[in-house]
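Asks: Please find one structure pasted underneath; my questions will follow.
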Amino acid sequence: MDEKYNIHQIGLNYPSEKEKLISFLRSNNLKFEDDIDLAYGIFDSDENILGCGCASKSLLKCFAVDSLLRGENALGSLISYLTEDRFNKGYYNLKVITRAHNIPLFESCGFYTLANTNTLALLANKKNAVGLFTDNILGQLNNKKDSEKSCIVMNANPFTKGHRYLIEQAARYSELLLVFVLESDRSFFPAKDRLNLVKEGCKDLSNVYVFSGGEYLISEATFPTYFLKEEENSGELYSLLDATLFAEKIAPLLNITKRFVGSEPLDNFTNLYNKTLKEVLPENNIELIELERLCVNNETVSAFRVRKLLKEKGVCEEIKELVPEVTYNYLKENYG
């Protein structure tokens, strides 16, 4: 870049610097997101901000560049600074979710397109990023890695009898069932605990294997919305991107031919997500099977009910009716 510009980190803990970043993003019709833990800016000699790029863990986002920097490789410079910091902090698999028309810009900076819905795209800094994720799973399946597989993706926040019932039913119709627990730590219960509860709660099912969802089964909680317009539906856009990545990249590499979901009588977002899966998966030769949710006392068992009871009454007998023993013991030990 021209020497009259300088790049340095923006101090997010300093209100004046943070407000300067927020104001610059706003002037570019973008929103600051609270999960940002790193920001770099391009400044002129008077410390006016002319460009910025941010990160939340391994996700790079909130890029904006003033027209004055056209031809200065501003985006490439910002990505270089962000990448160096992320690598130093142990984040090696970097991702960008952006508008599809920005694909050439990020590909010119060394990123590779993993999924493209024609509206949004997911890119990564490694060409074989999804392959590294799936190879790790296949390596744990040993002689069963070539088997035809089914899968379930769940948050399990926490693991309930409803989750167990869904897994049991899916396992009956599957040669091999892979259960992926979303990795995002935006849930009430930590990702590590949620994963361990599902593993422990399913260890008696011989054809069920439980894995972390990793970085490429996208959680709604970490989906960036800073670039969305008011009239755009974030749920629709997220669902389509996640379903496209799963159908076009993850499922073929794992030989997944069926995906199971639970019916959703209450949650509008889950209904929308299931609807998107029904449209996208069959186009990629993957069968979507919707199973009826478990009911206890004529009420659907849900993790939301468990969290609500935990907040209102603590670890009570009503919760005991809704969760497996492994979850109840965990709740007593940690929240009793």
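Ligands are numbered from 1 in the order shown, chains are lettered A, B, ... in the order of the structure tokens, and residues start at 1 in each chain.
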Using DSSP on the backbone coordinates, identify all residues within range 22-197 of chain A classified as helix (DSSP H, G or I); present the result as an MDAnalysis selection string.
Replies: chainID A and resid 22:27 67:69 74:88 100:107 129:144 161:172 191:197
Asks: Which residues of range 149-223 of chain A come within 8 Å of range 240-257 of chain A, and what is each one's closest atom pair and distance in Å (one decimal), counting only C-alpha atoms, sorted by chain and residue number, as JSON lines?
Replies:
```
{"residue": "A:Lys149", "atom": "CA", "partner": "A:Ile256", "partner_atom": "CA", "distance": 4.5}
{"residue": "A:Ser150", "atom": "CA", "partner": "A:Ile256", "partner_atom": "CA", "distance": 5.3}
{"residue": "A:Cys151", "atom": "CA", "partner": "A:Ile256", "partner_atom": "CA", "distance": 6.9}
{"residue": "A:Tyr216", "atom": "CA", "partner": "A:Leu245", "partner_atom": "CA", "distance": 7.8}
{"residue": "A:Leu217", "atom": "CA", "partner": "A:Asp242", "partner_atom": "CA", "distance": 6.8}
{"residue": "A:Ile218", "atom": "CA", "partner": "A:Asp242", "partner_atom": "CA", "distance": 5.9}
```
Asks: For the structure I just gave you, how does DSSP split range 86-161 of chain A - specifically, which residues are strand (DSSP E or B)? Reply as a ChimeraX atom specification.
Replies: /A:95-99,112-116,120-124,149-154
Asks: Given the selection you just returned, output its residues as a file containing C-alpha atoms, formatted as a PDB file, in the first residue's frame.
Replies:
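Done, and the output landed in part.pdb:
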```pdb
ATOM      1  CA  LYS A  95     -13.540 -18.581   6.826  1.00  0.00           C
ATOM      2  CA  VAL A  96     -15.399 -15.724   5.190  1.00  0.00           C
ATOM      3  CA  ILE A  97     -19.156 -15.485   4.590  1.00  0.00           C
ATOM      4  CA  THR A  98     -19.890 -12.746   2.098  1.00  0.00           C
ATOM      5  CA  ARG A  99     -22.076 -11.644  -0.781  1.00  0.00           C
ATOM      6  CA  TYR A 112     -11.393 -20.814  -1.961  1.00  0.00           C
ATOM      7  CA  THR A 113     -15.163 -21.006  -2.470  1.00  0.00           C
ATOM      8  CA  LEU A 114     -16.804 -23.853  -0.559  1.00  0.00           C
ATOM      9  CA  ALA A 115     -20.479 -22.971  -1.116  1.00  0.00           C
ATOM     10  CA  ASN A 116     -22.261 -20.461  -3.304  1.00  0.00           C
ATOM     11  CA  LEU A 120     -24.137 -15.617  -0.293  1.00  0.00           C
ATOM     12  CA  ALA A 121     -20.913 -17.576  -0.367  1.00  0.00           C
ATOM     13  CA  LEU A 122     -18.697 -19.330   2.150  1.00  0.00           C
ATOM     14  CA  LEU A 123     -14.963 -19.272   1.470  1.00  0.00           C
ATOM     15  CA  ALA A 124     -12.000 -20.763   3.342  1.00  0.00           C
ATOM     16  CA  LYS A 149     -24.567 -43.377   6.096  1.00  0.00           C
ATOM     17  CA  SER A 150     -27.379 -41.349   7.580  1.00  0.00           C
ATOM     18  CA  CYS A 151     -26.946 -38.327   9.801  1.00  0.00           C
ATOM     19  CA  ILE A 152     -28.550 -36.029  12.323  1.00  0.00           C
ATOM     20  CA  VAL A 153     -27.317 -32.538  13.168  1.00  0.00           C
ATOM     21  CA  MET A 154     -28.308 -31.208  16.593  1.00  0.00           C
TER      22      MET A 154
END
```
Asks: Of the residues A:Asn297, A:Arg172, A:Asn29, A:Ala191, which is the one nearest to Lys229 in chain A, using only C-alpha atoms?
Replies: A:Asn29
Asks: Find the residue from A:Ala303, A:Val198, A:Ile167, A:Leu69 that sits nearest to Val326 in chain A; use only C-alpha atoms when measuring.
Replies: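 Nearest candidate to Val326 in chain A out of A:Ala303, A:Val198, A:Ile167, A:Leu69: A:Val198.
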Asks: When you count only C-alpha atoms, which of these residues is closest to Asn196 in chain A: A:Ile289, A:Ala156, A:Leu294, A:Leu237?
Replies: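 Smallest distance to Asn196 in chain A is found for A:Ala156.
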Asks: What is the CA of Val261 in chain A to CA of Pro324 in chain A distance in Å?
Replies: 19.6 Å
Asks: Work out how far apart CA of Leu176 in chain A and CA of Glu200 in chain A are and give it in Å to one decimal.
Replies: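 Value for the CA of Leu176 in chain A-CA of Glu200 in chain A distance: 17.7 Å.
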Asks: Give me, as a list in words, all polymer residues having an atom no more than 12 Å from Lys89 in chain A, counting only C-alpha atoms and skipping those fewer than 3 positions away in the same chain.
Replies: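 Near neighbours after the sequence-gap exclusion: Asp37, Leu38, Ala55, Ser56, Lys57, Ser58, Leu82, Thr83, Glu84, Asp85, Arg86, Tyr92, Asn93 and Leu94 of chain A.
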Asks: Would you mind listing what lies within 12 Å of Asn274 in chain A as a ChimeraX atom specification, with only C-alpha atoms counted and same-chain residues fewer than 4 positions away left out?
Replies: /A:153,235-236,239-240,242-243,259-265,267-270,278-281,288-291
Asks: Dump N, CA and C atoms for the selected residues as a PDB file, in the first residue's frame?
Replies:
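Written out: selection.pdb:
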```pdb
ATOM      1  N   VAL A 153     -28.069 -33.681  12.652  1.00  0.00           N
ATOM      2  CA  VAL A 153     -27.317 -32.538  13.168  1.00  0.00           C
ATOM      3  C   VAL A 153     -28.147 -31.920  14.283  1.00  0.00           C
ATOM      4  N   GLY A 235     -32.680 -15.877   8.424  1.00  0.00           N
ATOM      5  CA  GLY A 235     -32.938 -17.299   8.559  1.00  0.00           C
ATOM      6  C   GLY A 235     -32.939 -18.009   7.219  1.00  0.00           C
ATOM      7  N   GLU A 236     -33.582 -17.418   6.221  1.00  0.00           N
ATOM      8  CA  GLU A 236     -33.617 -18.013   4.883  1.00  0.00           C
ATOM      9  C   GLU A 236     -32.223 -18.094   4.282  1.00  0.00           C
ATOM     10  N   SER A 239     -30.047 -20.674   6.235  1.00  0.00           N
ATOM     11  CA  SER A 239     -30.490 -22.041   5.981  1.00  0.00           C
ATOM     12  C   SER A 239     -30.017 -22.527   4.621  1.00  0.00           C
ATOM     13  N   LEU A 240     -30.147 -21.680   3.612  1.00  0.00           N
ATOM     14  CA  LEU A 240     -29.768 -22.079   2.256  1.00  0.00           C
ATOM     15  C   LEU A 240     -28.261 -22.292   2.146  1.00  0.00           C
ATOM     16  N   ASP A 242     -26.115 -23.089   4.623  1.00  0.00           N
ATOM     17  CA  ASP A 242     -25.755 -24.275   5.392  1.00  0.00           C
ATOM     18  C   ASP A 242     -26.172 -25.552   4.663  1.00  0.00           C
ATOM     19  N   ALA A 243     -27.398 -25.561   4.131  1.00  0.00           N
ATOM     20  CA  ALA A 243     -27.896 -26.738   3.420  1.00  0.00           C
ATOM     21  C   ALA A 243     -27.089 -27.003   2.158  1.00  0.00           C
ATOM     22  N   ARG A 259     -30.732 -37.825   5.726  1.00  0.00           N
ATOM     23  CA  ARG A 259     -30.612 -36.940   6.889  1.00  0.00           C
ATOM     24  C   ARG A 259     -31.955 -36.900   7.593  1.00  0.00           C
ATOM     25  N   PHE A 260     -31.912 -37.052   8.908  1.00  0.00           N
ATOM     26  CA  PHE A 260     -33.127 -37.060   9.718  1.00  0.00           C
ATOM     27  C   PHE A 260     -33.272 -35.740  10.473  1.00  0.00           C
ATOM     28  N   VAL A 261     -34.501 -35.263  10.567  1.00  0.00           N
ATOM     29  CA  VAL A 261     -34.803 -34.087  11.384  1.00  0.00           C
ATOM     30  C   VAL A 261     -36.059 -34.395  12.190  1.00  0.00           C
ATOM     31  N   GLY A 262     -36.225 -33.684  13.292  1.00  0.00           N
ATOM     32  CA  GLY A 262     -37.442 -33.815  14.088  1.00  0.00           C
ATOM     33  C   GLY A 262     -38.476 -32.818  13.613  1.00  0.00           C
ATOM     34  N   SER A 263     -39.736 -33.193  13.672  1.00  0.00           N
ATOM     35  CA  SER A 263     -40.800 -32.242  13.335  1.00  0.00           C
ATOM     36  C   SER A 263     -40.745 -31.086  14.328  1.00  0.00           C
ATOM     37  N   GLU A 264     -41.209 -29.921  13.910  1.00  0.00           N
ATOM     38  CA  GLU A 264     -41.108 -28.758  14.780  1.00  0.00           C
ATOM     39  C   GLU A 264     -42.438 -28.009  14.809  1.00  0.00           C
ATOM     40  N   PRO A 265     -43.269 -28.276  15.819  1.00  0.00           N
ATOM     41  CA  PRO A 265     -44.578 -27.633  15.888  1.00  0.00           C
ATOM     42  C   PRO A 265     -44.546 -26.203  16.411  1.00  0.00           C
ATOM     43  N   ASP A 267     -41.260 -23.875  16.758  1.00  0.00           N
ATOM     44  CA  ASP A 267     -40.201 -22.924  16.402  1.00  0.00           C
ATOM     45  C   ASP A 267     -40.228 -22.593  14.910  1.00  0.00           C
ATOM     46  N   ASN A 268     -40.462 -21.319  14.588  1.00  0.00           N
ATOM     47  CA  ASN A 268     -40.565 -20.900  13.193  1.00  0.00           C
ATOM     48  C   ASN A 268     -39.261 -21.069  12.437  1.00  0.00           C
ATOM     49  N   PHE A 269     -38.138 -20.768  13.122  1.00  0.00           N
ATOM     50  CA  PHE A 269     -36.862 -20.885  12.423  1.00  0.00           C
ATOM     51  C   PHE A 269     -36.570 -22.333  12.049  1.00  0.00           C
ATOM     52  N   THR A 270     -36.796 -23.264  12.980  1.00  0.00           N
ATOM     53  CA  THR A 270     -36.534 -24.677  12.681  1.00  0.00           C
ATOM     54  C   THR A 270     -37.435 -25.164  11.554  1.00  0.00           C
ATOM     55  N   LYS A 278     -35.582 -29.726   2.796  1.00  0.00           N
ATOM     56  CA  LYS A 278     -36.456 -30.513   1.926  1.00  0.00           C
ATOM     57  C   LYS A 278     -36.302 -30.117   0.465  1.00  0.00           C
ATOM     58  N   GLU A 279     -35.946 -28.861   0.233  1.00  0.00           N
ATOM     59  CA  GLU A 279     -35.771 -28.383  -1.141  1.00  0.00           C
ATOM     60  C   GLU A 279     -34.381 -28.690  -1.687  1.00  0.00           C
ATOM     61  N   VAL A 280     -33.349 -28.532  -0.847  1.00  0.00           N
ATOM     62  CA  VAL A 280     -31.969 -28.629  -1.325  1.00  0.00           C
ATOM     63  C   VAL A 280     -31.456 -30.068  -1.373  1.00  0.00           C
ATOM     64  N   LEU A 281     -31.736 -30.860  -0.337  1.00  0.00           N
ATOM     65  CA  LEU A 281     -31.137 -32.195  -0.244  1.00  0.00           C
ATOM     66  C   LEU A 281     -31.548 -33.129  -1.381  1.00  0.00           C
ATOM     67  N   LEU A 288     -34.404 -36.633   2.807  1.00  0.00           N
ATOM     68  CA  LEU A 288     -34.672 -36.000   4.098  1.00  0.00           C
ATOM     69  C   LEU A 288     -35.874 -36.689   4.725  1.00  0.00           C
ATOM     70  N   ILE A 289     -35.706 -37.160   5.954  1.00  0.00           N
ATOM     71  CA  ILE A 289     -36.766 -37.877   6.656  1.00  0.00           C
ATOM     72  C   ILE A 289     -37.119 -37.108   7.925  1.00  0.00           C
ATOM     73  N   GLU A 290     -38.373 -36.684   8.015  1.00  0.00           N
ATOM     74  CA  GLU A 290     -38.841 -35.929   9.179  1.00  0.00           C
ATOM     75  C   GLU A 290     -39.571 -36.875  10.121  1.00  0.00           C
ATOM     76  N   LEU A 291     -39.119 -36.935  11.361  1.00  0.00           N
ATOM     77  CA  LEU A 291     -39.700 -37.827  12.361  1.00  0.00           C
ATOM     78  C   LEU A 291     -40.500 -37.024  13.378  1.00  0.00           C
TER      79      LEU A 291
END
```
Asks: Measuring between only C-alpha atoms, which one of A:Ile103, A:Gly213, A:Asn128, A:Gln140 shows the shortest distance to Asn155 in chain A?
Replies: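 Nearest to Asn155 in chain A: A:Gly213.
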Asks: Between CA of Cys295 in chain A and CA of Cys316 in chain A, what is the distance in Å, rounded to a tenth?
Replies: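 Going from CA of Cys295 in chain A over to CA of Cys316 in chain A, I get 18.5 Å.
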Asks: Have a look at A:Glu321, A:Tyr238, A:Arg26, A:Lys313 and name the one nearest to Leu277 in chain A; count only C-alpha atoms.
Replies: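 Using only C-alpha atoms, Leu277 in chain A sits closest to A:Tyr238.
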Asks: Of the candidates A:Glu107, A:Glu292, A:Glu19, A:Glu183, which one gets nearest to Gly162 in chain A if we count only C-alpha atoms?
Replies: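 The answer is A:Glu292, which sits nearest to Gly162 in chain A.
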